[in-house]
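Take a look at the structure below.
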Amino acid sequence: MNDQPDMIIVGAGLSGLLTAWRCLDVNPELSVLVIEGSDRIAGDHTWSFNLTDVDESLRDWIKPFIAYQWDSYDVKFPKRERTLDIAYCTGNSETLRACVQPHIDSGRLQVRLNTKAAELTEDSVTLERGEVLTANCVLDARGFKPNDNVFLGYQKFVGHVIKTAKPHGVKRPIIMDATVKQLGGYRFVYCLPYSETEILVEDTYYTDGPELQRQEVDARIKDYIRDNLGVSDYEMVRREKGVLPITLAVNELEFNNIQKIGIRGGFYHAVTGYSFPVALKTADSSAFNLDFYYSDAKKHSPFYDYRANKHISGHIKKERFLRLLNRMLFRAAKPEERYKVLQRFYGLPQGLIERFYAGTLTKADKLRILTGKPPVHVTKALYNFSEKAFIKRERAKRESE
Ligand SMILES: Cc1cc2nc3c(=O)[nH]c(=O)nc-3n(C[C@H](O)[C@H](O)[C@H](O)COP(=O)(O)OP(=O)(O)OC[C@H]3O[C@@H](n4cnc5c(N)ncnc54)[C@H](O)[C@@H]3O)c2cc1C
């Protein structure tokens, strides 16, 4: 690589590395520098998704990222149990590192670890230690940061990966087990059986604030493992916790995500807080918009025409409907009855459920979700319908606090 790379990506997490990997695969002449604040790329994570979230044209490409794949999964509610024949996949830090390694080996992807960026412009990065790096384009993939123009609820969870002495008996993922006691919001347990004797058990809460009572949640996971899985002899392999943003409203006129990718730019599913599917679309659409960068006339412009990249410019607008559903869930349903919204949703046709997670709902799907007897307070639903009015009220609340 010459001294100046074509592209700098700040943040070697999921979105930064997926984008680097895709752009380098698609553009054989490209060079990329990734700057990472911690001591390794890709961290220590797992990322799950429905295979139907991934465009068919990308399914072969994404294969090396997938560490585990199941043919179907279960959901459980007090009045509904269902198996969905949707392939469910999990990738992790190790597989993500392996996906970019050939580009590191070839020298087209350079990585600077333990290096924190302080300031970014469209073609430069100022490091905390003062050094200034330049490139034809700079992308900000530094992960979540609160934003004044975004109004949130939260999905919070603690997960235990355990190794059991005997087979635990869970045959396929349980994406939501909401038969557990509902505590202060929508609560469910999520189980991923990695093998006959290894399983992730995660206790999840959809609540208004980001606080997490970690010790209490740890105790509830142990109870679930004992009472619901019937497992008593096991050892802990790994623990994880997360607090994910669930978007209730966005002031679209002021929200600026130019140059940002991943959750930094609001590129996640508004209802689940999961970002893999959108990060993948961002990576792919970025890779195919680099033509702009190669054109001499525009050599010194930002690396691609943001407005021309419909995935990037359209994402926040496209999620309006999902934000409406969140306002219904968080503000129109009683906390202890929020599970009913999901219980009803999981009675809908499988194709609609697939499109919901893939972010490709049709108008007919949206109508279908909204029609029927809603398990929410109708007056509160109407009160929270308008995003603009919601933002106005929330701003007034913030200012008075
Ligand atoms: C525990 C947990 C489990 C999750 N599970 C899933 C899941 O199963 N499926 C899914 O789709 N989503 C999941 N998510 C949500 C989301 O997909 C992840 O948070 C995802 O990693 C976000 O990707 P990102 O690239 O935007 O940010 P990150 O992956 O967080 O990457 C940001 C990177 O930027 C670096 N950085 C930050 N500041 C600087 C700086 N100043 N200079 C240089 N580097 C910097 C960080 O060290 C980090 O490596 C999960 C989140 C958590 C927390």
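Chain labels follow the order of the structure tokens: the first chain is A, the next B, and so on; residue numbering restarts at 1 in every chain, and ligands are counted from 1 in their shown order.
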
Ligand 1: which residues are within 7 Å, counting only C-alpha atoms and all ligand atoms, as a CSV table (one decimal) with N, CA and C atoms, in the first residue's frame?
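And here is the file that came out, selection-v5.csv:
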chain,number,residue,atom,x,y,z
A,10,VAL,N,-12.6,4.0,10.4
A,10,VAL,CA,-12.3,4.1,11.8
A,10,VAL,C,-13.3,3.2,12.6
A,11,GLY,N,-12.7,2.2,13.3
A,11,GLY,CA,-13.5,1.2,14.0
A,11,GLY,C,-13.5,-0.2,13.3
A,12,ALA,N,-12.8,-1.1,13.9
A,12,ALA,CA,-12.7,-2.5,13.3
A,12,ALA,C,-13.7,-3.4,14.0
A,13,GLY,N,-15.0,-3.0,14.1
A,13,GLY,CA,-16.1,-3.8,14.6
A,13,GLY,C,-16.8,-4.5,13.4
A,14,LEU,N,-18.1,-4.8,13.6
A,14,LEU,CA,-18.8,-5.5,12.6
A,14,LEU,C,-18.9,-4.7,11.3
A,15,SER,N,-19.4,-3.5,11.4
A,15,SER,CA,-19.7,-2.8,10.1
A,15,SER,C,-18.4,-2.3,9.4
A,16,GLY,N,-17.4,-1.9,10.2
A,16,GLY,CA,-16.1,-1.5,9.6
A,16,GLY,C,-15.5,-2.7,8.8
A,35,ILE,N,-8.5,1.7,11.4
A,35,ILE,CA,-8.0,2.2,12.7
A,35,ILE,C,-8.8,1.7,13.8
A,36,GLU,N,-8.2,1.0,14.8
A,36,GLU,CA,-9.0,0.4,15.9
A,36,GLU,C,-8.4,0.8,17.3
A,37,GLY,N,-9.3,1.3,18.1
A,37,GLY,CA,-8.9,1.8,19.4
A,37,GLY,C,-8.4,0.6,20.4
A,38,SER,N,-9.0,-0.6,20.2
A,38,SER,CA,-8.6,-1.7,21.1
A,38,SER,C,-7.4,-2.4,20.6
A,41,ILE,N,-8.8,-6.6,16.2
A,41,ILE,CA,-10.0,-6.3,15.4
A,41,ILE,C,-11.1,-7.3,15.7
A,42,ALA,N,-12.3,-6.9,15.5
A,42,ALA,CA,-13.5,-7.7,15.6
A,42,ALA,C,-14.0,-8.0,17.0
A,43,GLY,N,-13.2,-7.6,18.0
A,43,GLY,CA,-13.6,-7.8,19.4
A,43,GLY,C,-13.9,-9.2,19.8
A,45,HIS,N,-17.3,-11.2,20.0
A,45,HIS,CA,-18.7,-11.1,19.8
A,45,HIS,C,-19.3,-12.3,19.1
A,46,THR,N,-20.6,-12.4,19.1
A,46,THR,CA,-21.3,-13.3,18.1
A,46,THR,C,-22.4,-12.4,17.5
A,47,TRP,N,-22.7,-12.6,16.3
A,47,TRP,CA,-23.8,-11.9,15.6
A,47,TRP,C,-24.7,-12.9,14.9
A,48,SER,N,-26.0,-12.8,15.2
A,48,SER,CA,-26.9,-13.8,14.6
A,48,SER,C,-27.9,-13.0,13.6
A,49,PHE,N,-28.4,-13.8,12.7
A,49,PHE,CA,-29.3,-13.3,11.7
A,49,PHE,C,-30.1,-14.4,11.1
A,115,THR,N,-5.1,2.4,18.5
A,115,THR,CA,-5.0,3.7,18.0
A,115,THR,C,-6.4,4.4,18.0
A,116,LYS,N,-6.5,5.4,18.7
A,116,LYS,CA,-7.8,6.1,18.8
A,116,LYS,C,-7.9,7.3,18.0
A,117,ALA,N,-9.0,7.4,17.2
A,117,ALA,CA,-9.3,8.6,16.4
A,117,ALA,C,-10.0,9.6,17.3
A,118,ALA,N,-9.6,10.9,17.1
A,118,ALA,CA,-10.2,12.0,17.9
A,118,ALA,C,-11.2,12.7,17.0
A,141,ALA,N,-17.0,4.2,11.7
A,141,ALA,CA,-17.6,3.0,12.2
A,141,ALA,C,-17.4,2.7,13.7
A,142,ARG,N,-17.4,3.8,14.4
A,142,ARG,CA,-17.0,3.7,15.8
A,142,ARG,C,-18.1,3.2,16.8
A,143,GLY,N,-19.2,2.7,16.3
A,143,GLY,CA,-20.2,2.1,17.2
A,143,GLY,C,-21.1,3.2,17.8
A,144,PHE,N,-21.9,2.8,18.7
A,144,PHE,CA,-23.0,3.6,19.2
A,144,PHE,C,-22.6,4.9,19.9
A,240,GLU,N,-21.8,-12.5,28.2
A,240,GLU,CA,-21.9,-11.3,27.5
A,240,GLU,C,-23.0,-10.4,28.0
A,241,LYS,N,-22.9,-9.1,27.7
A,241,LYS,CA,-24.1,-8.3,28.0
A,241,LYS,C,-24.2,-7.2,26.9
A,242,GLY,N,-25.4,-6.7,26.8
A,242,GLY,CA,-25.6,-5.7,25.7
A,242,GLY,C,-26.7,-4.8,26.1
A,243,VAL,N,-26.6,-3.6,25.6
A,243,VAL,CA,-27.7,-2.6,25.7
A,243,VAL,C,-27.8,-2.0,24.3
A,244,LEU,N,-28.9,-2.4,23.6
A,244,LEU,CA,-29.0,-2.0,22.2
A,244,LEU,C,-30.1,-0.9,22.1
A,261,ILE,N,-21.2,4.6,9.2
A,261,ILE,CA,-21.7,3.3,8.9
A,261,ILE,C,-21.9,2.6,10.2
A,262,GLY,N,-22.6,1.4,10.2
A,262,GLY,CA,-22.9,0.7,11.4
A,262,GLY,C,-23.9,1.4,12.3
A,263,ILE,N,-23.9,1.1,13.6
A,263,ILE,CA,-24.9,1.7,14.5
A,263,ILE,C,-24.5,3.2,14.7
A,264,ARG,N,-23.3,3.6,14.5
A,264,ARG,CA,-23.0,5.0,14.5
A,264,ARG,C,-23.9,5.8,13.7
A,273,GLY,N,-32.7,-3.8,17.2
A,273,GLY,CA,-31.4,-3.2,17.6
A,273,GLY,C,-30.2,-4.0,16.9
A,274,TYR,N,-30.6,-5.1,16.1
A,274,TYR,CA,-29.6,-5.9,15.5
A,274,TYR,C,-29.1,-5.2,14.2
A,275,SER,N,-27.8,-5.3,13.9
A,275,SER,CA,-27.3,-4.5,12.8
A,275,SER,C,-26.7,-5.3,11.7
A,276,PHE,N,-26.5,-6.6,11.9
A,276,PHE,CA,-25.9,-7.4,10.8
A,276,PHE,C,-26.5,-7.2,9.5
A,277,PRO,N,-27.8,-7.4,9.3
A,277,PRO,CA,-28.4,-7.3,7.9
A,277,PRO,C,-28.1,-6.0,7.3

With a distance cut-off of 7 Å and only C-alpha atoms, select the neighbouring residues of Ile162 in chain A, excluding the residue or stretch itself and same-chain residues fewer than 4 positions from it, and output the selection as a PyMOL selection string.
-> chain A and resi 198-200+234-237

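Every residue of range 36-202 of chain A with a DSSP assignment of alpha helix (DSSP H), taken from the backbone, is listed as A:Arg59, A:Asp60, A:Trp61, A:Ile62, A:Ser93, A:Glu94, A:Thr95, A:Leu96, A:Arg97, A:Ala98, A:Cys99, A:Val100, A:Gln101, A:Pro102, A:His103, A:Ile104, A:Asp105, A:Ser106.
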
Selection export as a compact mmCIF listing (two decimals), in the first residue's frame, atoms kept: C-alpha atoms:
# COMPACT_ATOMS: atom_id res chain seq x y z
CA ARG A 59 -25.43 -15.76 0.43
CA ASP A 60 -22.39 -17.53 -1.02
CA TRP A 61 -20.16 -14.59 -0.24
CA ILE A 62 -21.19 -14.48 3.43
CA SER A 93 -15.28 -12.52 15.90
CA GLU A 94 -13.07 -15.42 14.85
CA THR A 95 -14.87 -16.01 11.55
CA LEU A 96 -14.95 -12.26 10.83
CA ARG A 97 -11.19 -12.00 11.43
CA ALA A 98 -10.65 -14.98 9.11
CA CYS A 99 -12.72 -13.30 6.37
CA VAL A 100 -10.47 -10.22 6.22
CA GLN A 101 -7.17 -12.02 6.87
CA PRO A 102 -6.37 -12.66 3.15
CA HIS A 103 -6.54 -8.90 2.53
CA ILE A 104 -4.27 -8.23 5.50
CA ASP A 105 -1.85 -10.84 4.13
CA SER A 106 -1.89 -9.25 0.67

Pick from A:Leu152, A:Glu196, A:Thr126, A:Ile369: nearest to Gly347 in chain A, with only C-alpha atoms counted?
->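 Of A:Leu152, A:Glu196, A:Thr126, A:Ile369, the one nearest Gly347 in chain A, counting only C-alpha atoms, is A:Ile369.
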
Taking only C-alpha atoms into account, which of A:Lys363, A:His269, A:Lys373, A:Lys397 comes nearest Ile246 in chain A?
-> A:His269

Interatomic distance, CA of Asn228 in chain A to CA of Trp70 in chain A (Å, one decimal) = 21.2 Å

Skipping near chain neighbours, those fewer than 2 positions away, what residues fall within 6 Å of Val34 in chain A using only C-alpha atoms, listed as a VMD selection string?
-> chain A and resid 8 to 10 111

Hey, can you spit out that residue selection with C-alpha atoms as an mmCIF file, in the first residue's frame?
data_model
loop_
_atom_site.group_PDB
_atom_site.id
_atom_site.type_symbol
_atom_site.label_atom_id
_atom_site.label_comp_id
_atom_site.auth_asym_id
_atom_site.auth_seq_id
_atom_site.Cartn_x
_atom_site.Cartn_y
_atom_site.Cartn_z
ATOM 1 C CA ILE A 8 -9.742 4.840 6.003
ATOM 2 C CA ILE A 9 -12.317 3.091 8.172
ATOM 3 C CA VAL A 10 -12.324 4.095 11.832
ATOM 4 C CA VAL A 111 -4.688 -2.324 10.489
#

Nearest to Tyr154 in chain A among A:Glu56, A:Thr90, A:Thr121, A:Leu329, with distances taken over only C-alpha atoms: which residue is it?
-> A:Leu329

Within 6 Å of Phe255 in chain A, counting only C-alpha atoms, which residues show up once you throw out same-chain ones fewer than 3 positions away? Write them as a PyMOL selection string, please.
-> chain A and resi 149+251-252

Those in range 168-236 of chain A with strand (DSSP E or B) from DSSP, as a list in words =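 DSSP-assigned strand (DSSP E or B) residues in range 168-236 of chain A: Ile174, Ile175, Met176, Asp177, Tyr186, Arg187, Phe188, Val189, Tyr190, Cys191, Leu192, Pro193, Tyr194, Ser195, Glu198, Ile199, Leu200, Val201, Glu202, Asp203, Thr204, Tyr205, Tyr206, Thr207, Tyr234, Glu235 and Met236 of chain A.
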
Could you write out that same residue set with C-alpha atoms as a short mmCIF file (atom, residue, chain, number, x, y, z; two decimals), in the first residue's frame?
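See result27.cif below for the written result:
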data_model
loop_
_atom_site.label_atom_id
_atom_site.label_comp_id
_atom_site.auth_asym_id
_atom_site.auth_seq_id
_atom_site.Cartn_x
_atom_site.Cartn_y
_atom_site.Cartn_z
CA ILE A 174 -35.39 -20.53 20.82
CA ILE A 175 -35.45 -16.95 19.58
CA MET A 176 -38.01 -15.79 22.12
CA ASP A 177 -39.28 -17.67 25.14
CA TYR A 186 -41.13 -7.09 27.47
CA ARG A 187 -38.94 -9.93 28.73
CA PHE A 188 -37.88 -13.10 26.95
CA VAL A 189 -35.13 -15.69 27.07
CA TYR A 190 -33.09 -16.47 23.95
CA CYS A 191 -31.28 -19.82 23.58
CA LEU A 192 -28.72 -20.81 20.95
CA PRO A 193 -27.63 -24.45 21.11
CA TYR A 194 -24.10 -24.36 19.65
CA SER A 195 -23.72 -28.11 20.20
CA GLU A 198 -22.92 -26.00 24.66
CA ILE A 199 -25.66 -23.40 24.72
CA LEU A 200 -26.06 -19.63 25.00
CA VAL A 201 -28.90 -18.60 27.33
CA GLU A 202 -29.69 -14.90 27.23
CA ASP A 203 -32.22 -13.00 29.37
CA THR A 204 -33.57 -9.98 27.47
CA TYR A 205 -35.64 -6.92 28.46
CA TYR A 206 -37.28 -4.23 26.33
CA THR A 207 -37.51 -1.27 28.70
CA TYR A 234 -22.58 -27.24 33.85
CA GLU A 235 -19.72 -24.79 33.70
CA MET A 236 -19.73 -21.21 32.43
#

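Those residues that approach Asp6 in chain A to within 8 Å, counting only C-alpha atoms, are Gln4, Ile8, Leu30, Ser31, Val32, Ala135, Asn136 and Cys137 of chain A; same-chain residues fewer than 2 positions away are not listed.
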
Which polymer residues have any atom within 10 Å of an atom of Asn256 in chain A, counting only C-alpha atoms, with same-chain residues fewer than 3 positions away left out, as number ranges by chain?
-> A: 147, 149, 251-253, 259-260, 265-266, 313

C-alpha atoms of the current selection, written as a PDB file, in the first residue's frame:
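And here is the file that came out, again-v2.pdb:
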ATOM      1  CA  ASN A 147     -27.696  11.552  19.196  1.00  0.00           C
ATOM      2  CA  ASN A 149     -32.141  13.766  16.999  1.00  0.00           C
ATOM      3  CA  ASN A 251     -35.867  13.866  13.539  1.00  0.00           C
ATOM      4  CA  GLU A 252     -35.118  13.048   9.897  1.00  0.00           C
ATOM      5  CA  LEU A 253     -34.480  16.622   8.819  1.00  0.00           C
ATOM      6  CA  GLN A 259     -19.875   9.183   6.271  1.00  0.00           C
ATOM      7  CA  LYS A 260     -21.119   7.022   9.151  1.00  0.00           C
ATOM      8  CA  GLY A 265     -25.064   6.040  11.531  1.00  0.00           C
ATOM      9  CA  GLY A 266     -28.340   4.502  12.691  1.00  0.00           C
ATOM     10  CA  SER A 313     -29.759   7.777   2.091  1.00  0.00           C
TER      11      SER A 313
END

Distance query Lys76 in chain A at most 8 Å, only C-alpha atoms, self and fewer than 2 positions along chain excluded, as a short mmCIF file (atom, residue, chain, number, x, y, z; two decimals) with C-alpha atoms, in the first residue's frame:
data_model
loop_
_atom_site.label_atom_id
_atom_site.label_comp_id
_atom_site.auth_asym_id
_atom_site.auth_seq_id
_atom_site.Cartn_x
_atom_site.Cartn_y
_atom_site.Cartn_z
CA ASP A 74 -38.88 -21.76 17.94
CA PRO A 78 -48.16 -17.94 26.96
CA ARG A 80 -48.58 -19.41 21.19
CA GLU A 81 -45.76 -21.81 20.40
CA ARG A 82 -44.43 -22.02 16.88
CA ILE A 174 -35.39 -20.53 20.82
CA MET A 176 -38.01 -15.79 22.12
CA ASP A 177 -39.28 -17.67 25.14
CA ALA A 178 -41.69 -15.12 26.58
CA THR A 179 -43.40 -17.62 28.90
#

Where does range 91-178 of chain A meet range 321-325 of chain A within 12 Å, residue by residue, with the nearest atom pair and distance in Å to one decimal for each, counting only C-alpha atoms, listed by chain and rising number, as JSON lines?
{"residue": "A:Val150", "atom": "CA", "partner": "A:Arg323", "partner_atom": "CA", "distance": 10.8}
{"residue": "A:Phe151", "atom": "CA", "partner": "A:Arg323", "partner_atom": "CA", "distance": 9.8}
{"residue": "A:Leu152", "atom": "CA", "partner": "A:Arg323", "partner_atom": "CA", "distance": 9.7}
{"residue": "A:Gly153", "atom": "CA", "partner": "A:Arg323", "partner_atom": "CA", "distance": 10.5}

When you draw a straight line from CA of Lys181 in chain A to CA of Ala219 in chain A, how long is it in Å?
->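 Separation between CA of Lys181 in chain A and CA of Ala219 in chain A: 13.7 Å.
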
So what do you get for CA of Leu348 in chain A versus CA of Thr282 in chain A, distance-wise?
-> 28.7 Å

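Taking only C-alpha atoms into account, Leu361 in chain A lies nearest to A:Asp53 out of the set A:Asp85, A:Asp44, A:Asp53, A:Glu119.
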
Looking at A:Val217, A:Val158, A:Cys89, A:Val378, which one is nearest to Thr52 in chain A, with distances taken over only C-alpha atoms?
-> A:Cys89

Nearest-residue call for Gly169 in chain A, choices A:Leu229, A:Val278, A:Leu127, A:Leu212, using only C-alpha atoms | A:Leu229
